[in-house]
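Student: What follows is coords.txt; its format and atoms are compact mmCIF, C-alpha atoms.
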```txt
# COMPACT_ATOMS: atom_id res chain seq x y z
CA MET U 1 -28.41 -10.99 -32.70
CA THR U 2 -30.78 -8.58 -34.41
CA LEU U 3 -30.08 -4.97 -35.33
CA GLN U 4 -32.42 -3.88 -32.53
CA HIS U 5 -30.33 -5.81 -30.02
CA ILE U 6 -27.12 -4.23 -31.29
CA VAL U 7 -28.58 -0.71 -31.16
CA LEU U 8 -29.84 -1.30 -27.61
CA ILE U 9 -26.44 -2.61 -26.43
CA TRP U 10 -24.60 0.29 -28.06
CA ALA U 11 -26.98 2.83 -26.54
CA LEU U 12 -26.59 1.36 -23.03
CA SER U 13 -22.79 1.14 -23.42
CA LEU U 14 -22.56 4.77 -24.55
CA ILE U 15 -24.74 5.92 -21.63
CA PHE U 16 -22.45 3.99 -19.26
CA LEU U 17 -19.28 5.48 -20.80
CA VAL U 18 -20.72 9.00 -20.66
CA ALA U 19 -21.70 8.46 -16.99
CA VAL U 20 -18.12 7.41 -16.17
CA LEU U 21 -16.71 10.36 -18.11
CA ARG U 22 -19.05 12.82 -16.36
CA ALA U 23 -18.01 11.45 -12.97
CA VAL U 24 -14.37 12.10 -13.92
CA ILE U 25 -15.09 15.61 -15.25
CA LYS U 26 -17.00 16.51 -12.07
CA GLY U 27 -14.08 15.26 -9.97
CA ARG U 28 -16.07 12.52 -8.26
CA LEU U 29 -13.91 9.77 -9.74
CA ARG U 30 -10.14 9.85 -10.09
CA VAL U 31 -8.78 9.07 -13.56
CA ARG U 32 -6.59 6.26 -12.22
CA TYR U 33 -9.69 4.39 -10.97
CA THR U 34 -11.64 4.75 -14.19
CA LEU U 35 -9.56 2.54 -16.47
CA LEU U 36 -11.40 -0.64 -15.52
CA TRP U 37 -14.79 1.04 -15.94
CA PHE U 38 -13.81 2.34 -19.38
CA GLY U 39 -12.59 -1.16 -20.26
CA ILE U 40 -15.94 -2.63 -19.27
CA GLY U 41 -17.83 0.06 -21.23
CA ILE U 42 -15.78 -0.57 -24.36
CA MET U 43 -16.19 -4.33 -23.97
CA ALA U 44 -19.96 -3.80 -23.80
CA LEU U 45 -19.75 -1.60 -26.88
CA LEU U 46 -17.94 -4.34 -28.75
CA SER U 47 -20.11 -7.14 -27.40
CA PRO U 48 -22.11 -7.55 -30.66
CA LEU U 49 -18.78 -8.32 -32.34
CA LEU U 50 -17.85 -10.68 -29.51
CA TYR U 51 -21.11 -12.56 -29.85
CA ALA U 52 -19.65 -15.07 -32.29
CA LEU U 53 -16.59 -15.53 -30.06
CA CYS U 54 -18.88 -16.16 -27.08
CA LEU U 55 -20.76 -18.86 -28.99
CA TYR U 56 -17.50 -20.43 -30.08
CA LEU U 57 -16.07 -20.46 -26.52
CA HIS U 58 -19.21 -21.89 -24.96
CA GLU U 59 -19.06 -24.81 -27.38
CA THR U 60 -15.29 -25.30 -27.07
CA TRP U 61 -15.27 -25.17 -23.23
CA SER U 62 -18.50 -27.18 -22.97
CA PHE U 63 -20.53 -24.64 -21.01
CA PRO U 64 -24.24 -25.61 -20.91
CA THR U 65 -25.31 -22.22 -22.31
CA PRO U 66 -23.52 -19.04 -23.52
CA SER U 67 -25.10 -17.11 -20.63
CA ILE U 68 -23.28 -19.27 -18.06
CA LEU U 69 -20.00 -18.47 -19.80
CA LEU U 70 -20.85 -14.76 -19.60
CA LEU U 71 -21.81 -15.15 -15.93
CA VAL U 72 -18.39 -16.66 -15.16
CA PHE U 73 -16.64 -13.74 -16.91
CA ALA U 74 -18.89 -11.24 -15.11
CA VAL U 75 -18.10 -12.78 -11.69
CA VAL U 76 -14.37 -12.66 -12.43
CA ILE U 77 -14.56 -9.01 -13.49
CA LEU U 78 -16.68 -8.11 -10.44
CA ALA U 79 -14.23 -9.84 -8.12
CA ARG U 80 -11.39 -7.87 -9.73
CA ILE U 81 -13.28 -4.61 -9.23
CA CYS U 82 -14.01 -5.45 -5.57
CA LEU U 83 -10.35 -6.27 -4.98
CA GLN U 84 -9.28 -2.99 -6.56
CA LEU U 85 -11.75 -1.07 -4.40
CA THR U 86 -10.61 -2.75 -1.16
CA VAL U 87 -6.98 -2.02 -2.07
CA VAL U 88 -7.88 1.65 -2.55
CA VAL U 89 -9.82 1.72 0.73
CA SER U 90 -6.95 0.02 2.59
CA VAL U 91 -4.38 2.50 1.29
CA ALA U 92 -6.70 5.38 2.15
CA TRP U 93 -7.23 3.96 5.66
CA ARG U 94 -3.48 3.68 6.26
CA GLU U 95 -2.85 7.22 5.00
CA ARG U 96 -5.71 8.56 7.15
CA LYS U 97 -4.29 6.75 10.20
CA ASN U 98 -0.79 8.18 9.60
CA LEU U 99 -2.28 11.63 9.18
CA ALA U 100 -4.31 11.35 12.39
CA GLN U 101 -1.21 10.18 14.28
CA SER U 102 0.87 13.07 12.92
CA ASN U 103 -1.94 15.45 13.84
CA ALA U 104 -2.08 14.10 17.42
CA LEU U 105 1.70 14.36 17.83
CA LEU U 106 1.78 17.89 16.39
CA GLU U 107 -1.04 19.03 18.67
CA GLN U 108 0.84 17.74 21.69
CA ARG U 109 3.97 19.65 20.63
CA LEU U 110 1.92 22.76 20.00
CA GLU U 111 0.50 22.54 23.53
CA VAL U 112 4.06 22.31 24.92
CA VAL U 113 5.15 25.39 22.94
CA GLU U 114 2.03 27.33 23.97
CA ASN U 115 2.63 26.50 27.63
CA MET U 116 6.26 27.63 27.34
CA LEU U 117 5.16 30.91 25.73
CA ARG U 118 2.56 31.50 28.45
CA LYS U 119 5.17 30.93 31.14
CA SER U 120 7.66 33.29 29.48
CA ASP U 121 4.90 35.93 29.05
CA ARG U 122 4.12 35.70 32.76
CA GLY U 123 7.84 36.06 33.53
CA VAL U 124 8.11 39.21 31.38
CA SER U 125 4.99 40.83 32.86
CA ALA U 126 6.13 40.03 36.40
CA MET V 127 19.59 5.71 28.88
CA LYS V 128 16.56 7.71 27.74
CA THR V 129 13.47 5.60 28.45
CA LEU V 130 9.81 6.27 27.74
CA ALA V 131 6.79 4.45 29.12
CA VAL V 132 3.97 4.19 26.59
CA ILE V 133 0.43 3.52 27.80
CA PRO V 134 -2.26 3.19 25.13
CA ALA V 135 -5.56 4.03 26.79
CA PHE V 136 -9.24 4.13 25.92
CA ASN V 137 -11.82 5.03 28.57
CA GLU V 138 -9.45 4.26 31.46
CA ARG V 139 -10.40 7.19 33.72
CA LYS V 140 -10.67 4.98 36.82
CA ASN V 141 -7.21 3.42 36.63
CA ILE V 142 -4.98 5.63 34.53
CA ALA V 143 -3.81 8.00 37.30
CA GLN V 144 -2.80 5.09 39.52
CA VAL V 145 -0.98 3.36 36.65
CA VAL V 146 0.88 6.55 35.66
CA ALA V 147 1.90 7.23 39.26
CA GLY V 148 3.14 3.65 39.61
CA VAL V 149 5.16 3.75 36.39
CA ARG V 150 6.75 7.08 37.33
CA LYS V 151 8.50 5.39 40.23
CA TYR V 152 10.68 3.67 37.63
CA ILE V 153 10.42 5.75 34.46
CA SER V 154 10.20 9.51 34.79
CA THR V 155 8.60 10.17 31.40
CA VAL V 156 5.25 8.53 30.83
CA LEU V 157 3.31 8.98 27.61
CA VAL V 158 -0.39 8.17 27.59
CA VAL V 159 -1.87 7.82 24.11
CA ASP V 160 -5.53 8.61 24.56
CA ASP V 161 -7.39 6.88 21.73
CA ALA V 162 -10.25 9.42 21.67
CA SER V 163 -11.67 8.33 25.03
CA LEU V 164 -15.21 9.38 25.85
CA ASP V 165 -14.33 9.99 29.51
CA ASP V 166 -11.69 12.05 31.34
CA THR V 167 -8.78 9.67 30.72
CA ALA V 168 -6.57 12.45 29.28
CA GLN V 169 -7.20 14.87 32.17
CA GLU V 170 -6.60 12.15 34.77
CA ALA V 171 -3.34 11.17 33.07
CA ILE V 172 -2.14 14.79 32.86
CA SER V 173 -2.90 15.40 36.53
CA ALA V 174 -0.91 12.26 37.38
CA GLY V 175 2.09 13.75 35.55
CA ALA V 176 1.92 12.04 32.18
CA ILE V 177 2.42 13.54 28.75
CA VAL V 178 -0.76 12.96 26.78
CA VAL V 179 -1.18 12.60 23.04
CA ARG V 180 -4.83 12.52 21.99
CA HIS V 181 -6.03 10.87 18.81
CA PRO V 182 -8.60 13.00 16.98
CA TYR V 183 -10.83 9.93 16.68
CA ASN V 184 -10.64 6.29 17.71
CA LEU V 185 -7.90 4.56 15.72
CA GLY V 186 -7.66 1.32 17.67
CA TYR V 187 -5.16 -0.30 20.00
CA ALA V 188 -2.43 -0.93 17.42
CA ALA V 189 -2.46 2.65 16.15
CA ALA V 190 -2.36 3.96 19.73
CA CYS V 191 0.74 1.89 20.42
CA GLN V 192 2.33 3.05 17.17
CA THR V 193 1.66 6.71 17.97
CA GLY V 194 3.64 6.14 21.16
CA TYR V 195 6.52 4.62 19.20
CA LYS V 196 6.49 7.55 16.78
CA TYR V 197 6.66 9.97 19.70
CA ALA V 198 9.56 8.01 21.21
CA LEU V 199 11.54 8.02 17.97
CA ALA V 200 10.91 11.71 17.31
CA ASP V 201 12.18 12.56 20.81
CA ASN V 202 15.19 10.23 20.55
CA TYR V 203 14.21 7.78 23.24
CA GLU V 204 16.36 4.68 23.20
CA ARG V 205 14.04 2.33 25.10
CA VAL V 206 10.30 1.99 25.42
CA VAL V 207 8.27 0.10 27.99
CA GLN V 208 4.68 -0.50 26.96
CA LEU V 209 1.91 -1.48 29.32
CA ASP V 210 -1.86 -1.34 29.51
CA GLY V 211 -3.74 1.47 31.18
CA ASP V 212 -6.21 -0.75 33.05
CA GLY V 213 -3.84 -1.63 35.88
CA GLN V 214 -3.43 -5.28 34.83
CA HIS V 215 0.32 -5.06 34.58
CA ASP V 216 2.38 -4.85 37.74
CA VAL V 217 4.70 -1.83 37.51
CA GLU V 218 7.11 -3.53 39.92
CA ASP V 219 8.18 -5.70 36.97
CA ILE V 220 9.48 -2.75 34.93
CA PRO V 221 13.10 -3.09 36.22
CA LYS V 222 13.09 -6.75 35.13
CA LEU V 223 12.09 -5.81 31.58
CA LEU V 224 14.66 -3.03 31.39
CA SER V 225 17.34 -5.31 32.79
CA GLU V 226 16.79 -7.75 29.90
CA LEU V 227 17.27 -4.88 27.44
CA ASP V 228 20.49 -3.98 29.26
CA HIS V 229 21.65 -7.55 28.76
CA GLY V 230 21.39 -7.37 24.98
CA ALA V 231 17.78 -8.14 24.17
CA ASN V 232 16.06 -5.95 21.57
CA MET V 233 12.57 -6.84 22.70
CA VAL V 234 11.30 -8.21 26.00
CA ILE V 235 7.92 -9.85 26.49
CA GLY V 236 6.46 -9.66 29.98
CA SER V 237 5.25 -13.24 30.14
CA ARG V 238 2.29 -14.25 32.30
CA PHE V 239 3.24 -17.91 32.00
CA SER V 240 6.87 -17.98 33.06
CA GLY V 241 6.41 -19.04 36.65
CA VAL V 242 5.59 -15.67 38.21
CA GLY V 243 2.14 -15.12 39.69
CA ASP V 244 -0.89 -17.34 39.12
CA TYR V 245 -2.55 -15.76 36.09
CA SER V 246 -5.13 -17.98 34.45
CA MET V 247 -7.17 -17.50 31.29
CA GLN V 248 -10.27 -19.03 29.75
CA LYS V 249 -9.83 -22.37 28.01
CA MET V 250 -10.54 -20.94 24.52
CA ARG V 251 -8.02 -18.16 25.00
CA HIS V 252 -5.51 -20.69 26.28
CA ILE V 253 -5.96 -22.76 23.12
CA GLY V 254 -5.47 -19.63 21.02
CA LYS V 255 -2.33 -18.68 22.93
CA ASN V 256 -0.88 -22.18 22.43
CA PHE V 257 -1.77 -22.08 18.74
CA PHE V 258 0.15 -18.83 18.22
CA SER V 259 3.07 -20.12 20.32
CA LEU V 260 3.18 -23.09 17.95
CA LEU V 261 3.11 -20.83 14.87
CA ILE V 262 5.98 -18.76 16.29
CA ARG V 263 7.97 -21.92 17.05
CA LEU V 264 7.39 -23.29 13.56
CA SER V 265 8.30 -20.05 11.80
CA THR V 266 11.19 -18.84 13.95
CA LYS V 267 12.24 -21.94 15.92
CA GLN V 268 11.94 -19.89 19.10
CA GLU V 269 9.78 -20.72 22.10
CA VAL V 270 7.45 -17.93 23.21
CA ARG V 271 5.11 -18.85 26.06
CA ASP V 272 3.05 -15.67 26.03
CA PRO V 273 2.64 -14.37 22.46
CA THR V 274 -0.34 -12.15 23.33
CA SER V 275 1.18 -10.15 26.18
CA GLY V 276 0.73 -6.39 26.03
CA TYR V 277 3.53 -5.83 28.57
CA LEU V 278 6.60 -5.19 26.43
CA ALA V 279 9.88 -3.39 26.34
CA PHE V 280 12.01 -2.71 23.32
CA SER V 281 15.03 -0.86 22.07
CA LYS V 282 15.40 1.66 19.25
CA PRO V 283 15.95 -0.80 16.35
CA VAL V 284 12.62 -2.49 17.11
CA LEU V 285 10.95 0.92 17.43
CA GLU V 286 12.22 1.81 13.97
CA LEU V 287 10.69 -1.39 12.62
CA PHE V 288 7.36 -0.82 14.38
CA VAL V 289 6.80 2.71 13.09
CA SER V 290 6.86 1.38 9.53
CA ASP V 291 3.76 0.35 7.58
CA MET V 292 4.58 -3.27 8.39
CA PHE V 293 3.14 -2.76 11.88
CA ALA V 294 -0.15 -4.51 12.58
CA ASP V 295 -3.28 -2.50 11.89
CA GLU V 296 -5.44 -4.14 14.59
CA TYR V 297 -3.82 -6.55 17.04
CA PRO V 298 -0.04 -6.28 17.44
CA ASP V 299 0.63 -9.67 19.04
CA ALA V 300 2.21 -12.83 17.62
CA ASP V 301 2.57 -11.35 14.15
CA MET V 302 4.74 -8.51 15.45
CA LEU V 303 6.90 -10.91 17.46
CA ILE V 304 7.53 -12.93 14.31
CA LEU V 305 8.24 -9.74 12.36
CA ALA V 306 10.81 -8.62 14.95
CA MET V 307 12.44 -12.05 15.08
CA ARG V 308 12.59 -12.37 11.31
CA HIS V 309 14.32 -8.98 11.18
CA GLY V 310 17.05 -10.42 13.38
CA HIS V 311 16.05 -8.83 16.68
CA LYS V 312 16.69 -10.74 19.87
CA VAL V 313 13.33 -11.34 21.56
CA VAL V 314 13.28 -12.74 25.09
CA GLU V 315 10.65 -13.39 27.74
CA THR V 316 10.69 -12.58 31.40
CA GLY V 317 8.11 -13.61 33.95
CA VAL V 318 5.72 -10.93 35.19
CA SER V 319 2.75 -11.03 37.50
CA MET V 320 -0.57 -9.86 36.19
CA GLN V 321 -4.06 -9.28 37.45
CA HIS V 322 -7.36 -9.58 35.64
CA SER V 323 -8.73 -6.27 34.39
CA ASN V 324 -11.03 -4.67 36.95
CA THR V 325 -12.70 -2.34 34.47
CA GLY V 326 -14.26 -2.66 31.08
CA GLN V 327 -14.78 -5.73 28.97
CA SER V 328 -12.07 -7.71 27.23
CA MET V 329 -11.88 -7.16 23.48
CA HIS V 330 -11.77 -10.95 23.20
CA ALA V 331 -15.02 -11.58 25.07
CA GLY V 332 -17.85 -13.68 23.64
CA LEU V 333 -17.66 -16.14 20.78
CA ILE V 334 -17.40 -14.03 17.62
CA GLY V 335 -14.66 -11.79 19.06
CA PRO V 336 -12.16 -14.60 19.75
CA ALA V 337 -12.98 -16.34 16.46
CA TYR V 338 -12.39 -13.11 14.54
CA TYR V 339 -9.20 -12.50 16.51
CA MET V 340 -7.88 -16.00 15.70
CA LEU V 341 -8.64 -15.62 12.01
CA ARG V 342 -7.27 -12.09 11.81
CA MET V 343 -4.11 -13.01 13.73
CA SER V 344 -3.54 -16.12 11.59
CA ILE V 345 -3.53 -13.91 8.49
CA GLY V 346 -1.22 -11.46 10.31
CA VAL V 347 1.17 -14.28 11.20
CA LEU V 348 1.14 -15.56 7.63
CA THR V 349 1.90 -12.04 6.37
CA ALA V 350 4.73 -11.63 8.89
CA ILE V 351 6.21 -14.98 7.86
CA MET V 352 6.06 -14.07 4.17
CA THR V 353 7.44 -10.54 4.63
CA ASP V 354 10.65 -10.18 2.70
CA THR V 355 13.21 -9.02 5.27
CA ARG V 356 15.83 -8.35 2.58
CA LYS V 357 14.11 -5.10 1.57
CA GLU V 358 15.36 -3.31 4.66
```
Is it possible to give me this structure as structure tokens?
Tutor:
Amino acid sequence: MTLQHIVLIWALSLIFLVAVLRAVIKGRLRVRYTLLWFGIGIMALLSPLLYALCLYLHETWSFPTPSILLLVFAVVILARICLQLTVVVSVAWRERKNLAQSNALLEQRLEVVENMLRKSDRGVSA
Amino acid sequence: MKTLAVIPAFNERKNIAQVVAGVRKYISTVLVVDDASLDDTAQEAISAGAIVVRHPYNLGYAAACQTGYKYALADNYERVVQLDGDGQHDVEDIPKLLSELDHGANMVIGSRFSGVGDYSMQKMRHIGKNFFSLLIRLSTKQEVRDPTSGYLAFSKPVLELFVSDMFADEYPDADMLILAMRHGHKVVETGVSMQHSNTGQSMHAGLIGPAYYMLRMSIGVLTAIMTDTRKE
């Protein structure tokens, strides 16, 4: 890995980390959902140091090339991110459903109260 | 005993008034949960004497049923009878369902295949029904001939279970029966007569629909079987 490669990787990793941080600061991303993204950014930052480890693992685990080993790791990480996202969406769906149900029930009760008030108003005016 | 009839409805303008009027012969309080219908279902139900709760947007059949259960619990109803708004279920069978609750059952399934009437279904749906009956028998050792019936009655303990987050999010059928049984509730069947729906299209029509339903319900059944009942 040449110095140019390392500089390029560091630059891209820093841009990625800053993008995540800006999303948090602007309130578009909740802190609790950023941990994995920060982890990935830091891993990318450290990847020049992990290069030797990657070469060692590809030889030890008999992967045809180091890139296939990286692909396997990338797929695992992506699957983990997708799972986390679907969990978040599922929880949000359930909360939204409960809220809509509560809203519907409250509206019905409000209608009952309004009708009672109207009737009592008519009684008073009569 | 305070009893509520719950009718989940979506675009049932043509039938809902007749269904509500029929149910009111046996149960004075009828709740129609209008799942954001695009027609006048809510107005028709109100004019027929029902209480109507309207979802702000379409939440699906399971959520509509659950809204009814939540209403029942909040108003201290002790028994609920649930039936469809398309006129498929014969309201004359309501006393039979309630009678089973009076005799100690916690949940009663209005079964289309218990010797009453001559209801028939497509071969694929029949296979699916038998498959879920088998799953119920394997997981609870109880025979249920009609695990996909929407004609149900249940008592307060089952209501309390069904308002929890364990309730199905799409199709409350075999999975909910297993859930109730695994929580120690006595579930029985009673024969009811039923007609084919004269409006709308079945949600299990076509090829993809039933396949999706089978897959989705199988996961639901697996989840219900694996639910740890000791938490409660």
Student: Compile the contact shell of stretch 152-164 of chain V as a PyMOL selection string: residues with an atom at most 6 Å away, counting all atoms listed in the file, same-chain residues fewer than 2 positions apart removed.
Tutor: chain V and resi 130-137+149-150+176-181+183-184+190
Student: Calculate how many Å separate atom CA of V:Gln248 from atom CA of V:Glu269, rounding to one decimal.
Tutor: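 Separation of atom CA of V:Gln248 and atom CA of V:Glu269: 21.5 Å.
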Student: When you count all atoms listed in the file, which of these residues is closest to chain V: U:Val124, U:Val113, U:Ala100, U:Leu69?
Tutor: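 Once distances to chain V are computed over all atoms listed in the file, the minimum belongs to U:Ala100.
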Student: Between U:Leu110, U:Val24, U:Val31, U:Ala11, single out the one closest to chain V, counting only C-alpha atoms.
Tutor: U:Leu110
Student: Please work out which residues fall within 12 Å of (-4.4, 2.7, 35.2), coordinates as given in the file, with all atoms listed in the file counting, and return them as a VMD selection string.
Tutor: chain V and resid 133 to 149 158 167 to 168 170 to 171 174 176 209 to 217 323 to 326
Student: Would you compute the distance between atom CA of U:Val89 and atom CA of U:Tyr33? Give it in Å to one decimal.
Tutor: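 Between atom CA of U:Val89 and atom CA of U:Tyr33 the gap works out to 12.0 Å.
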Student: Please report as CSV every residue of chain U lying within 8 Å of chain V, along with the nearest atom pair and their distance in Å (one decimal), using only C-alpha atoms.
Tutor:
```
residue,atom,partner,partner_atom,distance
U:Lys97,CA,V:Leu185,CA,6.9
U:Ala100,CA,V:Pro182,CA,6.5
U:Gln101,CA,V:Thr193,CA,5.8
U:Asn103,CA,V:Pro182,CA,7.8
U:Ala104,CA,V:His181,CA,5.3
U:Leu105,CA,V:Val179,CA,6.2
U:Glu107,CA,V:Val179,CA,7.8
U:Gln108,CA,V:Val179,CA,5.7
```
Student: Just the residues within 8 Å of stretch 310-320 of chain V, please, counting all atoms listed in the file, with nothing from its chain fewer than 4 positions along; format it as a PyMOL selection string.
Tutor: chain V and resi 214-216+219+222-223+226+230-245+270-271+284+303+306
Student: Need the shell around stretch 331-342 of chain V: protein/DNA/RNA residues with any atom at most 12 Å away, counting all atoms listed in the file. Skip same-chain ones fewer than 2 positions apart. Format as JSON, numbers by chain?
Tutor: {"V": [247, 248, 249, 250, 251, 252, 253, 254, 255, 256, 257, 258, 274, 294, 295, 296, 297, 298, 299, 300, 301, 326, 327, 328, 329, 344, 345, 346, 347, 348, 349]}
Student: Which residues are close to stretch 40-47 of chain U, i.e. within 9 Å by only C-alpha atoms, leaving aside same-chain residues fewer than 2 positions away? Reply as a PyMOL selection string.
Tutor: chain U and resi 6+9-14+16-17+20+35-38+49-51+77
Student: Measure the distance from atom CA of V:Met127 to atom CA of V:Glu218 in Å and round it to one decimal.
Tutor: 19.1 Å
